[in-house]
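Have a look at start_29.cif below; it lists mmCIF, C-alpha atoms.
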data_start
#
loop_
_atom_site.label_atom_id
_atom_site.label_comp_id
_atom_site.auth_asym_id
_atom_site.auth_seq_id
_atom_site.Cartn_x
_atom_site.Cartn_y
_atom_site.Cartn_z
CA MET A 1 35.68 -99.07 -100.72
CA SER A 2 36.37 -96.72 -97.81
CA GLY A 3 34.14 -96.50 -94.76
CA VAL A 4 31.06 -98.49 -93.82
CA ARG A 5 28.27 -98.51 -96.41
CA ARG A 6 24.61 -98.71 -95.34
CA VAL A 7 22.50 -101.06 -97.45
CA SER A 8 18.82 -101.99 -97.62
CA ILE A 9 17.78 -105.24 -99.30
CA PHE A 10 14.19 -105.54 -100.54
CA GLY A 11 13.40 -109.04 -101.76
CA SER A 12 16.03 -110.37 -99.38
CA THR A 13 14.77 -113.97 -99.27
CA GLY A 14 14.63 -114.36 -103.06
CA SER A 15 17.49 -115.61 -105.22
CA VAL A 16 19.03 -112.16 -105.78
CA GLY A 17 18.54 -111.21 -102.14
CA GLN A 18 20.21 -114.39 -100.92
CA SER A 19 23.14 -113.79 -103.27
CA ALA A 20 23.43 -110.25 -101.91
CA VAL A 21 23.51 -111.57 -98.36
CA ASP A 22 26.33 -113.91 -99.39
CA VAL A 23 28.28 -111.01 -100.92
CA ILE A 24 27.86 -108.96 -97.74
CA ARG A 25 28.71 -111.91 -95.50
CA HIS A 26 31.98 -112.44 -97.38
CA ALA A 27 32.80 -108.72 -97.45
CA ASN A 28 32.21 -108.42 -93.69
CA ARG A 29 34.31 -111.44 -92.75
CA ASP A 30 37.26 -109.29 -91.62
CA GLY A 31 35.29 -106.34 -90.27
CA CYS A 32 32.12 -104.41 -90.97
CA ARG A 33 32.11 -103.00 -94.49
CA PHE A 34 28.32 -103.13 -94.87
CA GLN A 35 25.72 -102.18 -92.29
CA ILE A 36 22.10 -103.15 -92.96
CA ALA A 37 19.42 -100.50 -92.67
CA ALA A 38 16.37 -102.59 -93.67
CA ILE A 39 15.46 -105.94 -95.18
CA ALA A 40 12.10 -106.88 -96.64
CA SER A 41 10.41 -109.93 -98.08
CA GLY A 42 7.03 -111.10 -99.31
CA GLN A 43 5.74 -114.02 -97.26
CA ASN A 44 8.55 -116.11 -95.80
CA ALA A 45 8.66 -114.87 -92.21
CA ALA A 46 11.01 -117.60 -90.97
CA ALA A 47 13.61 -116.95 -93.68
CA LEU A 48 13.36 -113.18 -93.21
CA ALA A 49 13.83 -113.56 -89.46
CA GLY A 50 16.86 -115.79 -89.98
CA GLN A 51 18.47 -113.15 -92.18
CA ALA A 52 17.59 -110.44 -89.69
CA LEU A 53 19.23 -112.29 -86.81
CA GLU A 54 22.40 -112.64 -88.88
CA LEU A 55 22.51 -109.19 -90.50
CA LYS A 56 21.11 -107.14 -87.59
CA PRO A 57 19.11 -104.61 -89.66
CA GLU A 58 17.28 -101.76 -88.00
CA ILE A 59 13.98 -103.12 -89.31
CA ALA A 60 12.60 -106.23 -91.02
CA VAL A 61 9.42 -105.82 -93.07
CA ILE A 62 7.17 -108.51 -94.51
CA ALA A 63 4.65 -107.64 -97.22
CA ASP A 64 2.06 -110.19 -96.05
CA GLU A 65 0.41 -108.58 -93.04
CA SER A 66 -0.87 -111.95 -91.82
CA LYS A 67 2.75 -113.01 -91.16
CA LEU A 68 3.60 -110.10 -88.84
CA ASP A 69 2.96 -111.99 -85.60
CA GLU A 70 5.12 -114.87 -86.81
CA LEU A 71 7.93 -112.45 -87.67
CA ARG A 72 7.65 -110.77 -84.28
CA GLY A 73 7.81 -114.12 -82.57
CA HIS A 74 11.01 -115.10 -84.34
CA LEU A 75 12.63 -111.73 -83.55
CA ALA A 76 11.41 -111.30 -79.97
CA GLY A 77 14.15 -109.84 -77.78
CA SER A 78 16.46 -109.11 -80.72
CA GLY A 79 15.89 -105.35 -80.69
CA ILE A 80 15.06 -105.47 -84.42
CA ALA A 81 11.91 -103.57 -85.35
CA CYS A 82 9.21 -105.46 -87.28
CA ALA A 83 6.52 -104.20 -89.65
CA ALA A 84 4.20 -105.51 -92.36
CA GLY A 85 2.18 -104.34 -95.35
CA GLU A 86 2.77 -102.12 -98.36
CA ALA A 87 2.79 -98.87 -96.41
CA ALA A 88 5.47 -100.25 -94.10
CA MET A 89 7.51 -101.38 -97.12
CA VAL A 90 7.32 -97.88 -98.62
CA GLU A 91 8.29 -96.28 -95.30
CA ALA A 92 11.21 -98.62 -94.69
CA ALA A 93 12.50 -98.08 -98.25
CA ALA A 94 12.86 -94.38 -97.46
CA ARG A 95 15.28 -95.00 -94.58
CA PRO A 96 18.63 -93.38 -95.42
CA CYS A 97 21.13 -95.77 -96.98
CA ASP A 98 24.02 -95.72 -99.44
CA ARG A 99 22.56 -98.49 -101.62
CA PHE A 100 19.00 -99.69 -101.90
CA LEU A 101 18.92 -103.14 -103.52
CA ALA A 102 15.55 -103.44 -105.29
CA ALA A 103 15.11 -107.18 -105.79
CA ILE A 104 11.37 -107.71 -105.35
CA VAL A 105 10.10 -109.58 -108.41
CA GLY A 106 7.43 -108.02 -110.61
CA ALA A 107 5.41 -104.84 -110.49
CA ALA A 108 5.01 -105.37 -106.73
CA GLY A 109 8.44 -103.82 -106.22
CA LEU A 110 7.66 -100.50 -107.90
CA ARG A 111 6.35 -98.44 -104.97
CA SER A 112 9.16 -99.30 -102.58
CA THR A 113 11.72 -98.62 -105.32
CA MET A 114 10.21 -95.20 -106.00
CA SER A 115 10.15 -94.47 -102.27
CA ALA A 116 13.85 -95.24 -101.98
CA VAL A 117 14.73 -93.02 -104.94
CA ASN A 118 12.58 -90.12 -103.73
CA ALA A 119 14.38 -90.35 -100.37
CA GLY A 120 17.73 -89.92 -102.13
CA ASN A 121 18.95 -93.50 -101.78
CA HIS A 122 21.22 -94.70 -104.58
CA LEU A 123 19.55 -97.62 -106.37
CA ALA A 124 21.00 -101.05 -107.09
CA LEU A 125 18.26 -102.19 -109.46
CA ALA A 126 17.42 -105.88 -109.89
CA ASN A 127 13.68 -105.25 -110.27
CA LYS A 128 13.56 -104.72 -114.05
CA GLU A 129 9.79 -104.27 -113.96
CA SER A 130 10.24 -100.90 -112.24
CA LEU A 131 11.94 -99.54 -115.37
CA VAL A 132 9.70 -101.44 -117.78
CA CYS A 133 6.50 -100.14 -116.21
CA ALA A 134 7.57 -96.71 -114.97
CA GLY A 135 10.85 -95.95 -116.70
CA THR A 136 10.27 -92.25 -117.34
CA ILE A 137 8.93 -91.67 -113.83
CA LEU A 138 11.83 -93.52 -112.21
CA ILE A 139 14.57 -91.93 -114.32
CA GLU A 140 13.20 -88.42 -113.79
CA ALA A 141 12.83 -89.00 -110.04
CA ALA A 142 16.42 -90.25 -109.84
CA GLU A 143 17.69 -87.20 -111.72
CA ARG A 144 15.77 -84.84 -109.42
CA ALA A 145 17.11 -86.57 -106.32
CA GLY A 146 20.67 -86.85 -107.64
CA VAL A 147 20.44 -90.62 -107.35
CA SER A 148 22.47 -93.14 -109.36
CA ILE A 149 20.75 -96.20 -110.85
CA LEU A 150 23.24 -99.09 -110.85
CA PRO A 151 21.96 -102.12 -112.79
CA VAL A 152 22.07 -105.54 -111.13
CA ASP A 153 20.81 -107.67 -114.01
CA SER A 154 23.95 -109.35 -115.33
CA GLU A 155 23.36 -108.09 -118.88
CA HIS A 156 22.82 -104.47 -117.92
CA SER A 157 25.69 -104.56 -115.46
CA ALA A 158 27.84 -105.82 -118.33
CA ILE A 159 26.79 -102.99 -120.63
CA PHE A 160 27.26 -100.46 -117.82
CA GLN A 161 30.87 -101.66 -117.56
CA CYS A 162 31.41 -101.63 -121.34
CA LEU A 163 29.97 -98.21 -122.20
CA GLY A 164 32.69 -95.91 -120.91
CA ASP A 165 31.51 -92.36 -121.65
CA GLY A 166 28.95 -93.72 -124.13
CA ARG A 167 30.18 -91.63 -127.03
CA SER A 168 30.02 -93.04 -130.57
CA LEU A 169 27.74 -95.89 -129.47
CA GLU A 170 26.15 -97.77 -132.34
CA LYS A 171 24.11 -100.47 -130.62
CA LEU A 172 23.92 -102.78 -127.61
CA THR A 173 23.71 -106.57 -127.46
CA LEU A 174 22.17 -108.60 -124.66
CA THR A 175 22.89 -112.31 -124.48
CA ALA A 176 20.40 -115.04 -123.61
CA SER A 177 21.23 -118.60 -122.62
CA GLY A 178 18.17 -119.77 -124.55
CA GLY A 179 16.66 -121.32 -121.44
CA PRO A 180 15.67 -124.97 -120.96
CA PHE A 181 13.86 -125.16 -124.32
CA ARG A 182 16.59 -123.73 -126.55
CA THR A 183 16.62 -126.84 -128.76
CA THR A 184 13.15 -128.18 -127.90
CA SER A 185 10.52 -128.57 -130.62
CA ARG A 186 7.38 -126.48 -130.47
CA GLU A 187 5.37 -129.69 -130.05
CA ASP A 188 7.34 -130.67 -126.94
CA MET A 189 7.19 -127.10 -125.62
CA ALA A 190 3.40 -127.31 -125.79
CA ARG A 191 3.54 -130.24 -123.35
CA ALA A 192 6.01 -128.60 -120.95
CA THR A 193 5.19 -128.57 -117.24
CA PRO A 194 5.96 -125.67 -114.89
CA ALA A 195 8.76 -127.75 -113.34
CA GLN A 196 10.36 -128.30 -116.75
CA ALA A 197 10.01 -124.63 -117.67
CA ALA A 198 11.63 -123.58 -114.39
CA ALA A 199 14.68 -125.84 -114.84
CA HIS A 200 17.10 -123.20 -116.10
CA PRO A 201 20.36 -124.71 -117.40
CA LYS A 202 22.69 -121.95 -116.14
CA TRP A 203 21.13 -119.62 -113.56
CA SER A 204 19.55 -120.35 -110.18
CA MET A 205 16.52 -118.06 -110.01
CA GLY A 206 13.01 -117.87 -108.62
CA LEU A 207 10.06 -119.63 -110.27
CA LYS A 208 8.61 -116.66 -112.15
CA ILE A 209 11.93 -115.42 -113.56
CA SER A 210 12.89 -118.97 -114.54
CA ILE A 211 9.67 -119.40 -116.51
CA ASP A 212 10.22 -115.98 -118.10
CA SER A 213 13.65 -117.21 -119.18
CA ALA A 214 12.05 -120.29 -120.74
CA THR A 215 9.74 -118.10 -122.86
CA LEU A 216 12.53 -115.51 -123.36
CA MET A 217 10.16 -112.92 -121.86
CA ASN A 218 12.85 -112.17 -119.30
CA LYS A 219 15.11 -111.11 -122.16
CA ALA A 220 12.26 -109.16 -123.73
CA LEU A 221 11.81 -107.17 -120.52
CA GLU A 222 15.58 -106.68 -120.36
CA LEU A 223 15.54 -105.28 -123.91
CA ILE A 224 13.07 -102.62 -122.81
CA GLU A 225 15.03 -102.00 -119.61
CA ALA A 226 18.24 -101.50 -121.62
CA ALA A 227 16.56 -99.06 -124.01
CA ILE A 228 15.25 -96.97 -121.10
CA LEU A 229 18.30 -97.19 -118.84
CA PHE A 230 20.87 -96.44 -121.53
CA LYS A 231 18.61 -94.07 -123.50
CA VAL A 232 18.68 -95.79 -126.86
CA SER A 233 15.86 -96.84 -129.16
CA ALA A 234 14.64 -100.43 -128.91
CA ASP A 235 15.83 -101.17 -132.46
CA ARG A 236 19.41 -100.48 -131.29
CA VAL A 237 19.26 -103.32 -128.75
CA ASP A 238 19.97 -106.79 -130.13
CA VAL A 239 19.60 -110.18 -128.48
CA LEU A 240 21.94 -113.11 -129.18
CA VAL A 241 21.52 -116.65 -127.89
CA HIS A 242 24.69 -117.64 -126.05
CA PRO A 243 24.20 -120.96 -124.23
CA GLN A 244 27.39 -120.79 -122.13
CA SER A 245 26.26 -117.53 -120.44
CA ILE A 246 29.86 -116.30 -120.26
CA VAL A 247 29.53 -113.10 -122.32
CA HIS A 248 26.81 -111.10 -120.58
CA GLY A 249 26.56 -108.01 -122.75
CA MET A 250 28.29 -106.00 -125.47
CA ALA A 251 28.56 -102.38 -126.58
CA HIS A 252 29.18 -101.75 -130.30
CA PHE A 253 30.77 -98.50 -131.44
CA THR A 254 30.79 -96.62 -134.72
CA ASP A 255 34.45 -97.43 -135.43
CA GLY A 256 33.64 -101.15 -135.49
CA SER A 257 34.88 -101.87 -131.97
CA VAL A 258 32.87 -104.22 -129.76
CA ILE A 259 33.51 -104.25 -126.01
CA ALA A 260 32.12 -107.22 -124.08
CA GLN A 261 32.03 -108.17 -120.41
CA LEU A 262 32.70 -111.81 -119.50
CA GLY A 263 32.31 -113.71 -116.26
CA SER A 264 30.99 -116.90 -114.69
CA PRO A 265 27.17 -117.06 -114.62
CA ASP A 266 26.80 -115.97 -111.00
CA MET A 267 24.65 -113.09 -109.78
CA ARG A 268 27.11 -112.28 -107.02
CA THR A 269 29.33 -110.52 -109.56
CA PRO A 270 26.84 -107.84 -110.70
CA ILE A 271 25.44 -107.53 -107.17
CA SER A 272 28.89 -106.86 -105.72
CA LEU A 273 29.58 -104.30 -108.44
CA ALA A 274 26.37 -102.40 -107.70
CA LEU A 275 26.90 -102.48 -103.93
CA GLY A 276 30.55 -101.43 -104.10
CA TRP A 277 30.67 -99.08 -107.10
CA PRO A 278 32.92 -97.32 -107.98
CA ASP A 279 35.05 -99.92 -106.22
CA ARG A 280 34.96 -103.67 -106.75
CA ILE A 281 34.35 -106.10 -103.91
CA GLU A 282 36.09 -109.45 -103.69
CA THR A 283 33.68 -112.38 -104.05
CA THR A 284 33.93 -116.18 -104.01
CA VAL A 285 32.58 -116.42 -107.57
CA ASP A 286 34.30 -119.12 -109.65
CA ARG A 287 37.05 -117.55 -111.74
CA LEU A 288 36.64 -117.79 -115.50
CA ASP A 289 38.93 -120.25 -117.29
CA LEU A 290 38.49 -119.67 -121.02
CA ALA A 291 41.07 -122.33 -121.91
CA GLN A 292 38.97 -124.91 -120.11
CA ILE A 293 35.73 -123.64 -121.68
CA GLY A 294 37.39 -123.71 -125.09
CA GLN A 295 34.50 -122.45 -127.21
CA LEU A 296 31.82 -119.77 -127.02
CA ASP A 297 28.72 -120.14 -129.20
CA PHE A 298 26.31 -117.47 -130.43
CA GLY A 299 23.20 -117.55 -132.57
CA PRO A 300 20.02 -115.62 -133.37
CA VAL A 301 16.75 -115.98 -131.48
CA ASP A 302 14.38 -118.43 -133.19
CA THR A 303 11.33 -116.18 -133.45
CA SER A 304 9.18 -119.06 -134.76
CA ARG A 305 9.38 -120.63 -131.27
CA PHE A 306 10.07 -117.60 -129.10
CA GLN A 307 8.00 -114.51 -129.94
CA SER A 308 8.75 -112.56 -126.76
CA ILE A 309 11.52 -110.38 -128.24
CA GLU A 310 9.28 -109.19 -131.07
CA LEU A 311 6.44 -108.62 -128.60
CA ALA A 312 8.79 -106.39 -126.58
CA ARG A 313 9.65 -104.29 -129.64
CA ARG A 314 5.99 -103.97 -130.46
CA ALA A 315 5.08 -103.02 -126.89
CA PHE A 316 7.84 -100.41 -126.84
CA SER A 317 6.54 -98.91 -130.10
CA LEU A 318 3.12 -98.38 -128.49
CA GLY A 319 4.55 -95.75 -126.14
CA PRO A 320 4.99 -95.77 -122.35
CA ALA A 321 1.84 -97.80 -121.74
CA GLY A 322 2.81 -100.69 -124.00
CA PRO A 323 5.53 -102.16 -121.75
CA VAL A 324 3.17 -101.98 -118.75
CA ILE A 325 0.64 -104.14 -120.60
CA LEU A 326 3.37 -106.52 -121.80
CA ASN A 327 4.62 -107.04 -118.24
CA SER A 328 1.25 -107.31 -116.52
CA ALA A 329 -0.25 -109.63 -119.14
CA ASN A 330 2.82 -111.83 -118.86
CA GLU A 331 2.63 -111.94 -115.05
CA SER A 332 -1.02 -112.95 -115.33
CA ALA A 333 -0.34 -115.64 -117.93
CA VAL A 334 2.63 -117.08 -116.03
CA SER A 335 0.47 -117.32 -112.90
CA ALA A 336 -2.16 -119.17 -114.93
CA PHE A 337 0.46 -121.58 -116.26
CA VAL A 338 1.86 -122.28 -112.79
CA GLY A 339 -1.69 -122.78 -111.52
CA GLY A 340 -2.48 -125.34 -114.21
CA GLU A 341 -4.92 -123.09 -116.04
CA CYS A 342 -3.12 -122.96 -119.39
CA GLY A 343 -0.25 -124.55 -121.30
CA PHE A 344 3.28 -123.20 -121.72
CA LEU A 345 2.78 -121.87 -125.25
CA ASP A 346 -0.42 -120.16 -124.12
CA ILE A 347 1.68 -117.62 -122.22
CA GLY A 348 2.96 -116.02 -125.42
CA TRP A 349 -0.32 -115.89 -127.30
CA ALA A 350 -2.14 -114.52 -124.24
CA VAL A 351 0.38 -111.65 -124.03
CA GLU A 352 0.10 -111.01 -127.77
CA ALA A 353 -3.70 -111.00 -127.61
CA ALA A 354 -3.64 -108.61 -124.64
CA LEU A 355 -1.41 -106.22 -126.62
CA ASP A 356 -3.80 -106.49 -129.59
CA ARG A 357 -6.78 -105.56 -127.45
CA PHE A 358 -4.93 -102.81 -125.65
CA SER A 359 -3.67 -101.14 -128.85
CA SER A 360 -7.28 -100.56 -129.97
CA SER A 361 -8.57 -99.56 -126.52
CA GLU A 362 -9.33 -96.11 -125.18
CA PHE A 363 -6.27 -96.34 -122.90
CA ALA A 364 -3.68 -96.91 -125.63
CA SER A 365 -2.44 -93.32 -125.51
CA THR A 366 -1.93 -93.22 -121.72
CA LYS A 367 1.34 -91.39 -121.00
CA CYS A 368 2.14 -93.10 -117.66
CA THR A 369 3.13 -89.87 -115.92
CA SER A 370 2.08 -91.10 -112.47
CA LEU A 371 2.20 -94.29 -110.46
CA GLU A 372 -1.61 -94.24 -110.37
CA GLU A 373 -1.75 -94.49 -114.17
CA VAL A 374 0.81 -97.29 -114.10
CA ALA A 375 -1.17 -99.16 -111.43
CA PHE A 376 -4.37 -98.82 -113.45
CA LEU A 377 -2.72 -100.15 -116.62
CA ASP A 378 -1.11 -102.96 -114.64
CA GLN A 379 -4.54 -104.16 -113.54
CA PHE A 380 -5.98 -103.58 -117.01
CA GLY A 381 -3.28 -105.76 -118.61
CA ARG A 382 -3.86 -108.54 -116.10
CA ARG A 383 -7.59 -108.39 -116.79
CA LEU A 384 -7.04 -108.55 -120.56
CA ALA A 385 -4.80 -111.61 -120.29
CA GLY A 386 -7.22 -113.28 -117.89
CA GLU A 387 -10.15 -112.73 -120.24
CA VAL A 388 -8.18 -114.12 -123.18
CA LEU A 389 -7.30 -117.29 -121.28
CA ARG A 390 -10.82 -117.79 -119.94
CA ASN A 391 -12.44 -117.34 -123.34
CA ALA A 392 -10.01 -119.53 -125.28
CA PRO A 393 -8.34 -121.89 -122.79
CA SER A 394 -5.19 -123.62 -123.99
CA ARG A 395 -5.43 -122.34 -127.53
CA ALA A 396 -1.78 -123.27 -128.11
CA GLY A 397 -2.39 -126.79 -126.81
CA GLY A 398 -0.56 -128.95 -124.32
CA LEU A 399 -2.56 -128.33 -121.15
CA SER A 400 -4.29 -131.71 -121.06
CA ALA A 401 -1.04 -133.50 -121.93
CA TRP A 402 0.94 -132.39 -118.90
CA LYS A 403 -2.00 -132.37 -116.48
CA ALA A 404 -2.93 -135.95 -117.33
#

I need this file expressed as structure tokens, please.
Amino acid sequence: MSGVRRVSIFGSTGSVGQSAVDVIRHANRDGCRFQIAAIASGQNAAALAGQALELKPEIAVIADESKLDELRGHLAGSGIACAAGEAAMVEAAARPCDRFLAAIVGAAGLRSTMSAVNAGNHLALANKESLVCAGTILIEAAERAGVSILPVDSEHSAIFQCLGDGRSLEKLTLTASGGPFRTTSREDMARATPAQAAAHPKWSMGLKISIDSATLMNKALELIEAAILFKVSADRVDVLVHPQSIVHGMAHFTDGSVIAQLGSPDMRTPISLALGWPDRIETTVDRLDLAQIGQLDFGPVDTSRFQSIELARRAFSLGPAGPVILNSANESAVSAFVGGECGFLDIGWAVEAALDRFSSSEFASTKCTSLEEVAFLDQFGRRLAGEVLRNAPSRAGGLSAWKA
């Protein structure tokens, strides 16, 4: 990689953001290869300030406006500008940079991601919800601005590396570790606590993504992301359970060839690829030793215990609005589970019920051609899931067991 590359990191204090900081720290150890334009976070002012003092960005932005004074206090005399609130996030995202790392979790990251793309900043995309909820809008905006979208999810980064020119592609395969409940009975899953659901066996991630991995909703969202990003139909994207998390994705071609990308389960690999592309950046990721691993296992998703993949296909078939409802209903249900308002298995049926209600609603044909339509549907999906859970609390059982 020649020259110094300017980078902005949004979601810098989260798991992906922290991994990105580690990649940049290692890359800059012998000189400045990355210069930081802006960093942004949700609520953790102390952590954001600590990163700012190390990375020396032009500006640090916190989404929670009530934390602005705290952030200013930590950064007093540093010369680093401070700001807070959604408008400040959108403005900072538009600052010129060579890579904008979009790592804010959930639909909350959509507006800053769109702002970065519209400003002509090449996108390193870890916020899958941006594509799930506003895929057409984001792709078209990137094409207008001449912006590349470089995937940061390990599975999509893998496929990006496997595709080549994309000719003669037959299908894509995403792999899933299976999460903490891969071999757990449905009865025991019903009694699962948020702490148990968040205990991912392979990846170190934030609470919401970890719970999504336990329900396989994370993989469901990634299926939709892959279909949109690589411009294939959802029925041409398969999911395989692969507990070792060594093979991250595969591209299948019409001559029978299958090209796979392998690597240790460490987000620093796909992050470094997205930040350095078309070059590769040296990282401290553990090197893969297949002789020591000895065996790689694969199997189908057990849809009797994990319905998220089929819900994703159904949502995709409903048109652009379906994935918005899938994502927002899931975010609402996961919040309810974390808050002790429903059981683990209630997440899936709440999302399914929200999709049922949406498909017969007056908004089912919404084309999602603007962020305003996406924002409306996002709130509508949350409301549907909330109503379902309030009217039939813990239908799938288990709430009283783990709260006792």

(request) Write out as a VMD selection string each polymer residue whose atoms come within 10 Å of Ser317 of chain A, counting all atoms listed in the file; drop sequence neighbours fewer than 4 positions from it. (result) chain A and resid 233 to 235 311 to 313 321 to 323

(message) Using all atoms listed in the file, which protein or nucleic acid residues come within 7 Å of segment 357-368 of chain A? Drop anything in the same chain fewer than 5 positions from it, and give the result as a PyMOL selection string.
(response) chain A and resi 320-321+373-374

(request) Write out as a PyMOL selection string which residues come within 7 Å of Ala192 of chain A when counting only C-alpha atoms, dropping same-chain ones fewer than 3 positions away. (result) chain A and resi 188-189+196-197+344+402

(request) I need the residue set behind the PyMOL selection byres ((chain A and resi 103) around 7) for this file; please write it as a list in words. (result)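 For this structure, the PyMOL selection byres ((chain A and resi 103) around 7) captures Phe10, Gly11, Val16, Gly17, Leu101, Ala102, Ile104, Val105, Leu125, Ala126 and Asn127 of chain A.
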
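Take atom CA of Ala336 of chain A and atom CA of Ala350 of chain A: the distance between them is 10.4 Å.
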
(request) Go through A:Gly3, A:Pro243, A:Pro96, A:Gly79 and flag the residue nearest Ala38 of chain A, using all atoms listed in the file for the distances. (result)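 Checking each of A:Gly3, A:Pro243, A:Pro96, A:Gly79 against Ala38 of chain A, counting all atoms listed in the file, the winner is A:Pro96.
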
(message) Here is a test: counting all atoms listed in the file, which residue of A:Cys82, A:Ala251, A:Val117, A:Ala63 is nearest to His156 of chain A?
(response) A:Ala251

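For the file at hand, the PyMOL selection byres ((chain A and resi 25) around 12) resolves to Gln18, Ser19, Ala20, Val21, Asp22, Val23, Ile24, His26, Ala27, Asn28, Arg29, Asp30, Gly31, Cys32, Arg33, Phe34, Gln35, Ile36, Gln51, Glu54, Leu55, Lys56, Arg268, Ser272, Ile281, Glu282, Thr283 and Thr284 of chain A.
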
Residues of the last selection are to be written out with C-alpha atoms, as a PDB file, in the frame of the given file.
ATOM      1  CA  GLN A  18      20.210-114.390-100.920  1.00  0.00           C
ATOM      2  CA  SER A  19      23.140-113.790-103.270  1.00  0.00           C
ATOM      3  CA  ALA A  20      23.430-110.250-101.910  1.00  0.00           C
ATOM      4  CA  VAL A  21      23.510-111.570 -98.360  1.00  0.00           C
ATOM      5  CA  ASP A  22      26.330-113.910 -99.390  1.00  0.00           C
ATOM      6  CA  VAL A  23      28.280-111.010-100.920  1.00  0.00           C
ATOM      7  CA  ILE A  24      27.860-108.960 -97.740  1.00  0.00           C
ATOM      8  CA  HIS A  26      31.980-112.440 -97.380  1.00  0.00           C
ATOM      9  CA  ALA A  27      32.800-108.720 -97.450  1.00  0.00           C
ATOM     10  CA  ASN A  28      32.210-108.420 -93.690  1.00  0.00           C
ATOM     11  CA  ARG A  29      34.310-111.440 -92.750  1.00  0.00           C
ATOM     12  CA  ASP A  30      37.260-109.290 -91.620  1.00  0.00           C
ATOM     13  CA  GLY A  31      35.290-106.340 -90.270  1.00  0.00           C
ATOM     14  CA  CYS A  32      32.120-104.410 -90.970  1.00  0.00           C
ATOM     15  CA  ARG A  33      32.110-103.000 -94.490  1.00  0.00           C
ATOM     16  CA  PHE A  34      28.320-103.130 -94.870  1.00  0.00           C
ATOM     17  CA  GLN A  35      25.720-102.180 -92.290  1.00  0.00           C
ATOM     18  CA  ILE A  36      22.100-103.150 -92.960  1.00  0.00           C
ATOM     19  CA  GLN A  51      18.470-113.150 -92.180  1.00  0.00           C
ATOM     20  CA  GLU A  54      22.400-112.640 -88.880  1.00  0.00           C
ATOM     21  CA  LEU A  55      22.510-109.190 -90.500  1.00  0.00           C
ATOM     22  CA  LYS A  56      21.110-107.140 -87.590  1.00  0.00           C
ATOM     23  CA  ARG A 268      27.110-112.280-107.020  1.00  0.00           C
ATOM     24  CA  SER A 272      28.890-106.860-105.720  1.00  0.00           C
ATOM     25  CA  ILE A 281      34.350-106.100-103.910  1.00  0.00           C
ATOM     26  CA  GLU A 282      36.090-109.450-103.690  1.00  0.00           C
ATOM     27  CA  THR A 283      33.680-112.380-104.050  1.00  0.00           C
ATOM     28  CA  THR A 284      33.930-116.180-104.010  1.00  0.00           C
TER      29      THR A 284
END

(request) Place a sphere of radius 12 Å on (20.5, -106.3, -126.7) in the file coordinates and name every protein, DNA or RNA residue with an atom inside or on its surface, counting only C-alpha atoms; give the answer as number ranges by chain. (result) A: 155-156, 158-159, 170-176, 219-227, 230, 232-241, 248-252, 260, 300-301, 309, 312-313

(request) Taking the file above as input, evaluate the PyMOL selection byres ((chain A and resi 352) around 9) and report the hits as a PyMOL selection string. (result) chain A and resi 307-308+311+326+329+347-351+353-357+385

Atoms kept (C-alpha atoms) for selection, written as a PDB file, keeping the file's coordinate frame:
ATOM      1  CA  GLN A 307       8.000-114.510-129.940  1.00  0.00           C
ATOM      2  CA  SER A 308       8.750-112.560-126.760  1.00  0.00           C
ATOM      3  CA  LEU A 311       6.440-108.620-128.600  1.00  0.00           C
ATOM      4  CA  LEU A 326       3.370-106.520-121.800  1.00  0.00           C
ATOM      5  CA  ALA A 329      -0.250-109.630-119.140  1.00  0.00           C
ATOM      6  CA  ILE A 347       1.680-117.620-122.220  1.00  0.00           C
ATOM      7  CA  GLY A 348       2.960-116.020-125.420  1.00  0.00           C
ATOM      8  CA  TRP A 349      -0.320-115.890-127.300  1.00  0.00           C
ATOM      9  CA  ALA A 350      -2.140-114.520-124.240  1.00  0.00           C
ATOM     10  CA  VAL A 351       0.380-111.650-124.030  1.00  0.00           C
ATOM     11  CA  ALA A 353      -3.700-111.000-127.610  1.00  0.00           C
ATOM     12  CA  ALA A 354      -3.640-108.610-124.640  1.00  0.00           C
ATOM     13  CA  LEU A 355      -1.410-106.220-126.620  1.00  0.00           C
ATOM     14  CA  ASP A 356      -3.800-106.490-129.590  1.00  0.00           C
ATOM     15  CA  ARG A 357      -6.780-105.560-127.450  1.00  0.00           C
ATOM     16  CA  ALA A 385      -4.800-111.610-120.290  1.00  0.00           C
TER      17      ALA A 385
END

(request) Please tell me which residues are no farther than 12 Å from (13.3, -111.4, -90.7) in the file, counting only C-alpha atoms, and write them as a PyMOL selection string. (result) chain A and resi 9-13+38-63+67-76+78-84

Contacts of segment 244-247 of chain A at 6 Å (all atoms listed in the file; same-chain gap of 3+ positions) as a JSON list (two decimals) with C-alpha atoms, keeping the file's coordinate frame:
[["chain", "number", "residue", "atom", "x", "y", "z"],
["A", 177, "SER", "CA", 21.23, -118.60, -122.62],
["A", 261, "GLN", "CA", 32.03, -108.17, -120.41],
["A", 262, "LEU", "CA", 32.70, -111.81, -119.50],
["A", 263, "GLY", "CA", 32.31, -113.71, -116.26],
["A", 264, "SER", "CA", 30.99, -116.90, -114.69],
["A", 265, "PRO", "CA", 27.17, -117.06, -114.62]]

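Computed from the coordinates, the atom CA of Pro180 of chain A to atom CA of Gly109 of chain A distance equals 26.8 Å.
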
(request) Would you kindly return, as a list in words, each protein, DNA or RNA residue with an atom no farther than 10 Å from any atom of Ala392 of chain A, considering all atoms listed in the file and excluding same-chain residues fewer than 4 positions away? (result)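 Selected residues are Cys342, Asp346, Ala350, Glu387, Val388 and Ala396 of chain A.
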
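Between atom CA of Val334 of chain A and atom CA of Asn218 of chain A the interatomic distance comes to 11.8 Å.
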